[in-house]
$ cat my_file20.tsv   # TSV, C-alpha atoms
chain	number	residue	atom	x	y	z
A	1	MET	CA	146.76	93.95	63.14
A	2	GLN	CA	144.51	96.44	64.94
A	3	THR	CA	141.37	94.65	66.15
A	4	THR	CA	140.03	97.32	68.49
A	5	THR	CA	138.80	100.87	68.19
A	6	SER	CA	137.71	103.59	70.60
A	7	LEU	CA	134.20	104.69	71.46
A	8	SER	CA	133.55	108.34	72.29
A	9	THR	CA	134.03	107.49	75.96
A	10	GLY	CA	137.56	106.32	75.29
A	11	GLU	CA	136.57	102.71	75.92
A	12	ARG	CA	138.32	100.33	73.53
A	13	VAL	CA	136.12	97.70	71.93
A	14	ARG	CA	136.56	95.09	69.26
A	15	LYS	CA	135.85	96.30	65.75
A	16	ASP	CA	133.08	93.71	65.50
A	17	ASP	CA	131.36	95.07	68.62
A	18	ALA	CA	127.62	95.58	68.05
A	19	ARG	CA	127.99	99.35	68.58
A	20	ILE	CA	130.70	99.60	65.93
A	21	GLU	CA	128.66	97.44	63.54
A	22	ALA	CA	125.64	99.74	64.00
A	23	CYS	CA	127.78	102.86	63.50
A	24	GLY	CA	129.28	101.37	60.35
A	25	THR	CA	125.88	100.49	58.91
A	26	LEU	CA	124.49	103.94	59.70
A	27	ASP	CA	127.54	105.47	57.99
A	28	GLU	CA	127.06	103.14	55.00
A	29	LEU	CA	123.41	104.19	54.73
A	30	SER	CA	124.38	107.85	54.88
A	31	SER	CA	126.93	107.29	52.10
A	32	HIS	CA	124.34	105.60	49.91
A	33	LEU	CA	121.94	108.46	50.61
A	34	GLY	CA	124.70	110.90	49.67
A	35	TRP	CA	125.02	109.21	46.27
A	36	LEU	CA	121.24	109.33	45.89
A	37	ALA	CA	121.11	113.03	46.81
A	38	ALA	CA	123.94	113.85	44.41
A	39	ASN	CA	122.02	112.24	41.55
A	40	ALA	CA	118.43	113.09	42.48
A	41	PRO	CA	116.63	116.19	41.25
A	42	GLU	CA	117.33	119.24	43.41
A	43	ALA	CA	113.88	119.15	45.02
A	44	TYR	CA	114.69	115.87	46.82
A	45	ARG	CA	118.10	116.85	48.18
A	46	PRO	CA	117.12	118.82	51.30
A	47	ALA	CA	115.05	115.91	52.66
A	48	LEU	CA	117.83	113.41	51.95
A	49	HIS	CA	120.43	115.65	53.62
A	50	GLU	CA	118.12	115.99	56.63
A	51	VAL	CA	117.97	112.20	56.91
A	52	GLN	CA	121.77	112.05	56.76
A	53	ARG	CA	121.97	114.48	59.69
A	54	ARG	CA	119.56	112.30	61.69
A	55	LEU	CA	121.59	109.18	60.93
A	56	PHE	CA	124.78	110.90	62.06
A	57	ALA	CA	123.07	111.73	65.37
A	58	ILE	CA	121.95	108.13	65.84
A	59	GLY	CA	125.49	106.96	65.09
A	60	SER	CA	126.86	109.41	67.65
A	61	LEU	CA	124.59	107.95	70.31
A	62	ALA	CA	125.57	104.41	69.31
A	63	ALA	CA	129.24	105.40	69.65
A	64	GLY	CA	128.65	106.49	73.24
A	65	TYR	CA	128.03	110.22	73.05
A	66	ALA	CA	125.60	111.20	75.78
A	67	LYS	CA	123.95	113.92	73.69
A	68	ALA	CA	123.69	114.59	69.98
A	69	THR	CA	122.09	117.26	67.85
A	70	TYR	CA	119.43	116.16	65.32
A	71	VAL	CA	118.34	113.04	67.21
A	72	PRO	CA	115.03	112.07	65.57
A	73	GLY	CA	111.88	111.83	67.62
A	74	PRO	CA	108.12	111.65	67.15
A	75	THR	CA	107.98	114.83	65.04
A	76	GLU	CA	110.50	113.46	62.54
A	77	GLU	CA	108.70	110.09	62.47
A	78	ALA	CA	105.42	111.89	61.70
A	79	ASN	CA	107.12	113.95	58.99
A	80	LEU	CA	108.42	110.79	57.33
A	81	GLN	CA	104.96	109.22	57.54
A	82	THR	CA	103.37	112.28	55.92
A	83	GLU	CA	105.97	112.34	53.16
A	84	THR	CA	105.53	108.59	52.58
A	85	GLN	CA	101.81	109.10	52.12
A	86	ARG	CA	102.44	111.99	49.72
A	87	LEU	CA	104.77	109.83	47.63
A	88	GLU	CA	102.31	106.93	47.65
A	89	ALA	CA	99.71	109.28	46.17
A	90	THR	CA	101.93	109.63	43.08
A	91	CYS	CA	102.36	105.91	42.49
A	92	GLY	CA	99.59	104.21	44.47
A	93	ARG	CA	100.00	102.25	47.67
A	94	PHE	CA	101.27	98.76	47.00
A	95	SER	CA	101.27	96.13	49.69
A	96	GLY	CA	102.79	93.26	47.72
A	97	PHE	CA	106.32	92.55	46.66
A	98	ILE	CA	108.33	94.09	43.85
A	99	LEU	CA	111.79	93.34	42.59
A	100	PRO	CA	114.16	96.12	43.64
A	101	GLY	CA	115.33	98.08	40.64
A	102	GLY	CA	113.82	100.09	37.84
A	103	CYS	CA	115.36	103.43	36.93
A	104	PRO	CA	118.82	104.14	38.42
A	105	LEU	CA	117.46	106.44	41.15
A	106	ALA	CA	114.89	103.84	42.22
A	107	ALA	CA	117.50	101.08	42.23
A	108	GLN	CA	119.79	103.18	44.46
A	109	THR	CA	116.86	104.04	46.72
A	110	HIS	CA	116.17	100.33	47.16
A	111	VAL	CA	119.82	99.87	48.21
A	112	CYS	CA	119.28	102.62	50.79
A	113	ARG	CA	116.09	100.92	51.98
A	114	THR	CA	117.75	97.56	52.54
A	115	VAL	CA	120.74	99.07	54.34
A	116	CYS	CA	118.26	101.04	56.48
A	117	ARG	CA	116.51	97.83	57.47
A	118	ARG	CA	119.86	96.30	58.49
A	119	ALA	CA	120.67	99.43	60.52
A	120	GLU	CA	117.29	99.16	62.23
A	121	ARG	CA	117.96	95.54	63.21
A	122	GLN	CA	121.40	96.44	64.56
A	123	VAL	CA	120.11	99.42	66.54
A	124	VAL	CA	117.40	97.21	68.04
A	125	GLY	CA	120.16	94.86	69.15
A	126	LEU	CA	121.85	97.65	71.09
A	127	GLY	CA	118.82	98.10	73.34
A	128	HIS	CA	119.70	101.57	74.62
A	129	LEU	CA	118.55	103.29	71.40
A	130	ASP	CA	114.99	101.98	71.29
A	131	HIS	CA	113.72	105.57	71.05
A	132	VAL	CA	115.15	105.95	67.50
A	133	VAL	CA	113.95	102.60	66.16
A	134	PRO	CA	110.54	103.96	65.07
A	135	TYR	CA	112.34	106.62	63.00
A	136	LEU	CA	114.43	103.99	61.21
A	137	ASN	CA	111.31	101.92	60.61
A	138	ARG	CA	109.49	104.92	59.08
A	139	LEU	CA	112.60	105.74	57.08
A	140	SER	CA	112.62	102.34	55.38
A	141	SER	CA	108.94	102.80	54.47
A	142	TYR	CA	109.72	106.27	53.11
A	143	LEU	CA	112.57	104.88	51.01
A	144	TYR	CA	110.30	102.17	49.61
A	145	ALA	CA	107.75	104.81	48.59
A	146	LEU	CA	110.51	107.05	47.20
A	147	ALA	CA	111.86	104.22	45.04
A	148	ARG	CA	108.38	103.56	43.67
A	149	HIS	CA	107.90	107.29	43.13
A	150	PHE	CA	111.16	107.58	41.16
A	151	ASN	CA	110.03	104.72	38.92
A	152	ALA	CA	106.61	106.30	38.46
A	153	ILE	CA	107.94	109.72	37.46
A	154	SER	CA	110.50	108.05	35.17
A	155	GLY	CA	107.82	105.95	33.47
A	156	VAL	CA	109.52	102.71	34.48
A	157	ALA	CA	107.22	99.80	35.31
A	158	GLU	CA	108.00	97.81	38.43
A	159	ILE	CA	108.29	94.07	38.31
A	160	LYS	CA	105.67	92.80	40.73
A	161	LEU	CA	105.72	89.28	42.15

$ encode --input "my_file20.tsv" --output "structure tokens"
Amino acid sequence: MQTTTSLSTGERVRKDDARIEACGTLDELSSHLGWLAANAPEAYRPALHEVQRRLFAIGSLAAGYAKATYVPGPTEEANLQTETQRLEATCGRFSGFILPGGCPLAAQTHVCRTVCRRAERQVVGLGHLDHVVPYLNRLSSYLYALARHFNAISGVAEIKL
């Protein structure tokens, strides 16, 4: 049974190494976003594909690559914040709790949001990627607003606690 894998540096690590866990969660999030993009209206796809590119870059850094294209920074964080505010304008800002779900697109977006939050926690645990943590934090807020937006435009009421 193979219990190790290689990082980009050639270093062999256990498959449960924190770097491999973070890479796996980032890949999982990108896959969920791919499903969302495939099923979302065309207007939402470019932004979702852009996020996937950013996640791939973060995963590359976690795997040991010294440089990666599309690494998110302050500009991308600000763009996510602006888009979050735009989406909130369509459904109102809500600071309480809602049950994840609603229309199928919103339910999938909530899955993306929760996987994003796990990825954020794992990346924080790596320490050397602190510069991308704010992007992941903004991304989870964006996904929350996007889920609410999808419910709003679908006419599906959220279940608030």

$ closest_residue --input "my_file20.tsv" --among "A:Lys160, A:His128, A:Arg86, A:Arg118" --to "Leu146 (chain A)" --atoms "all atoms listed in the file"
A:Arg86

$ closest_residue --input "my_file20.tsv" --among "A:Cys116, A:Leu161, A:Val124, A:Leu105" --to "Tyr44 (chain A)" --atoms "only C-alpha atoms"
A:Leu105

$ closest_residue --input "my_file20.tsv" --among "A:Glu158, A:Val115, A:Leu80, A:Ala40" --to "Ser141 (chain A)" --atoms "only C-alpha atoms"
A:Leu80

$ residues_near_point --input "my_file20.tsv" --point "(107.8, 104.4, 55.2)" --cutoff "10 Å" --atoms "all atoms listed in the file" --output "list in words"
Glu77, Leu80, Gln81, Thr82, Glu83, Thr84, Gln85, Leu87, Glu88, Arg113, Tyr135, Leu136, Asn137, Arg138, Leu139, Ser140, Ser141, Tyr142, Leu143, Tyr144, Ala145 and Leu146 of chain A

$ closest_residue --input "my_file20.tsv" --among "A:Glu28, A:Leu33, A:Tyr65, A:Arg53" --to "Ser6 (chain A)" --atoms "all atoms listed in the file"
A:Tyr65

$ atom_distance --input "my_file20.tsv" --atom1 "CA of Ala57 (chain A)" --atom2 "CA of Val71 (chain A)"
5.2 Å

$ closest_residue --input "my_file20.tsv" --among "A:Gly10, A:Gly34, A:Gly125, A:Pro41" --to "Gln108 (chain A)" --atoms "all atoms listed in the file"
A:Gly34

$ closest_residue --input "my_file20.tsv" --among "A:Val111, A:Val156, A:Met1, A:Ala18" --to "Ala62 (chain A)" --atoms "all atoms listed in the file"
A:Ala18

$ residues_around --input "my_file20.tsv" --residues "Val133 (chain A)" --least-positions-apart "6" --cutoff "9 Å" --atoms "all atoms listed in the file" --output "short mmCIF file (atom, residue, chain, number, x, y, z; two decimals) with C-alpha atoms, in the coordinates of the input"
data_model
loop_
_atom_site.label_atom_id
_atom_site.label_comp_id
_atom_site.auth_asym_id
_atom_site.auth_seq_id
_atom_site.Cartn_x
_atom_site.Cartn_y
_atom_site.Cartn_z
CA GLU A 120 117.29 99.16 62.23
CA ARG A 121 117.96 95.54 63.21
CA VAL A 123 120.11 99.42 66.54
CA VAL A 124 117.40 97.21 68.04
#

$ atom_distance --input "my_file20.tsv" --atom1 "CA of Tyr70 (chain A)" --atom2 "CA of Ala37 (chain A)"
18.8 Å

$ atom_distance --input "my_file20.tsv" --atom1 "CA of Phe150 (chain A)" --atom2 "CA of Arg54 (chain A)"
22.7 Å

$ residues_around --input "my_file20.tsv" --residues "Arg19 (chain A)" --least-positions-apart "4" --cutoff "10 Å" --atoms "all atoms listed in the file" --output "number ranges by chain"
A: 7, 13-15, 23-25, 59, 61-64, 122-123, 125-126

$ write_last_selection --input "my_file20.tsv" --atoms "C-alpha atoms" --output "compact mmCIF listing (two decimals), keeping the file's coordinate frame"
# COMPACT_ATOMS: atom_id res chain seq x y z
CA LEU A 7 134.20 104.69 71.46
CA VAL A 13 136.12 97.70 71.93
CA ARG A 14 136.56 95.09 69.26
CA LYS A 15 135.85 96.30 65.75
CA CYS A 23 127.78 102.86 63.50
CA GLY A 24 129.28 101.37 60.35
CA THR A 25 125.88 100.49 58.91
CA GLY A 59 125.49 106.96 65.09
CA LEU A 61 124.59 107.95 70.31
CA ALA A 62 125.57 104.41 69.31
CA ALA A 63 129.24 105.40 69.65
CA GLY A 64 128.65 106.49 73.24
CA GLN A 122 121.40 96.44 64.56
CA VAL A 123 120.11 99.42 66.54
CA GLY A 125 120.16 94.86 69.15
CA LEU A 126 121.85 97.65 71.09

$ decode --input "my_file20.tsv" --residues "region 85-108 of chain A" --atoms "N, CA and C atoms" --output "CSV table (one decimal), in the first residue's frame"
chain,number,residue,atom,x,y,z
A,85,GLN,N,-20.6,42.5,-2.3
A,85,GLN,CA,-21.5,43.6,-2.0
A,85,GLN,C,-22.6,43.8,-3.1
A,86,ARG,N,-22.2,43.6,-4.4
A,86,ARG,CA,-23.1,43.6,-5.5
A,86,ARG,C,-24.2,42.6,-5.3
A,87,LEU,N,-23.8,41.4,-5.0
A,87,LEU,CA,-24.7,40.3,-4.8
A,87,LEU,C,-25.6,40.5,-3.6
A,88,GLU,N,-25.1,41.1,-2.6
A,88,GLU,CA,-25.9,41.4,-1.4
A,88,GLU,C,-27.0,42.4,-1.7
A,89,ALA,N,-26.7,43.3,-2.7
A,89,ALA,CA,-27.7,44.3,-3.1
A,89,ALA,C,-28.9,43.6,-3.7
A,90,THR,N,-28.8,42.4,-4.2
A,90,THR,CA,-29.9,41.7,-4.9
A,90,THR,C,-30.7,40.9,-3.9
A,91,CYS,N,-30.2,40.6,-2.7
A,91,CYS,CA,-30.9,39.8,-1.8
A,91,CYS,C,-30.9,40.3,-0.4
A,92,GLY,N,-30.2,41.5,-0.2
A,92,GLY,CA,-30.1,42.1,1.2
A,92,GLY,C,-29.1,41.4,2.0
A,93,ARG,N,-28.4,42.2,2.8
A,93,ARG,CA,-27.3,41.6,3.6
A,93,ARG,C,-28.0,41.0,4.8
A,94,PHE,N,-27.6,39.8,5.1
A,94,PHE,CA,-28.1,39.0,6.2
A,94,PHE,C,-27.0,38.6,7.1
A,95,SER,N,-27.1,38.9,8.4
A,95,SER,CA,-26.0,38.6,9.3
A,95,SER,C,-26.3,37.5,10.3
A,96,GLY,N,-27.5,36.8,10.1
A,96,GLY,CA,-27.9,35.7,10.9
A,96,GLY,C,-27.4,34.4,10.3
A,97,PHE,N,-28.2,33.4,10.6
A,97,PHE,CA,-27.9,32.0,10.2
A,97,PHE,C,-29.1,31.5,9.3
A,98,ILE,N,-28.7,30.8,8.2
A,98,ILE,CA,-29.7,30.2,7.4
A,98,ILE,C,-29.3,28.7,7.2
A,99,LEU,N,-30.3,27.9,6.9
A,99,LEU,CA,-30.0,26.5,6.6
A,99,LEU,C,-29.5,26.5,5.2
A,100,PRO,N,-28.3,25.8,4.9
A,100,PRO,CA,-27.8,25.7,3.6
A,100,PRO,C,-28.8,24.9,2.7
A,101,GLY,N,-29.0,25.4,1.5
A,101,GLY,CA,-30.0,24.7,0.6
A,101,GLY,C,-30.7,25.7,-0.2
A,102,GLY,N,-31.9,25.4,-0.5
A,102,GLY,CA,-32.7,26.2,-1.4
A,102,GLY,C,-32.8,25.6,-2.8
A,103,CYS,N,-32.6,26.5,-3.8
A,103,CYS,CA,-32.6,25.9,-5.2
A,103,CYS,C,-31.3,25.1,-5.4
A,104,PRO,N,-31.3,24.3,-6.4
A,104,PRO,CA,-30.0,23.4,-6.6
A,104,PRO,C,-28.7,24.2,-6.7
A,105,LEU,N,-28.8,25.4,-7.4
A,105,LEU,CA,-27.5,26.1,-7.5
A,105,LEU,C,-27.1,26.7,-6.2
A,106,ALA,N,-28.0,27.2,-5.4
A,106,ALA,CA,-27.7,27.7,-4.0
A,106,ALA,C,-27.2,26.6,-3.2
A,107,ALA,N,-27.8,25.4,-3.2
A,107,ALA,CA,-27.3,24.3,-2.4
A,107,ALA,C,-25.9,23.9,-2.7
A,108,GLN,N,-25.6,23.9,-4.0
A,108,GLN,CA,-24.2,23.5,-4.5
A,108,GLN,C,-23.3,24.6,-4.1
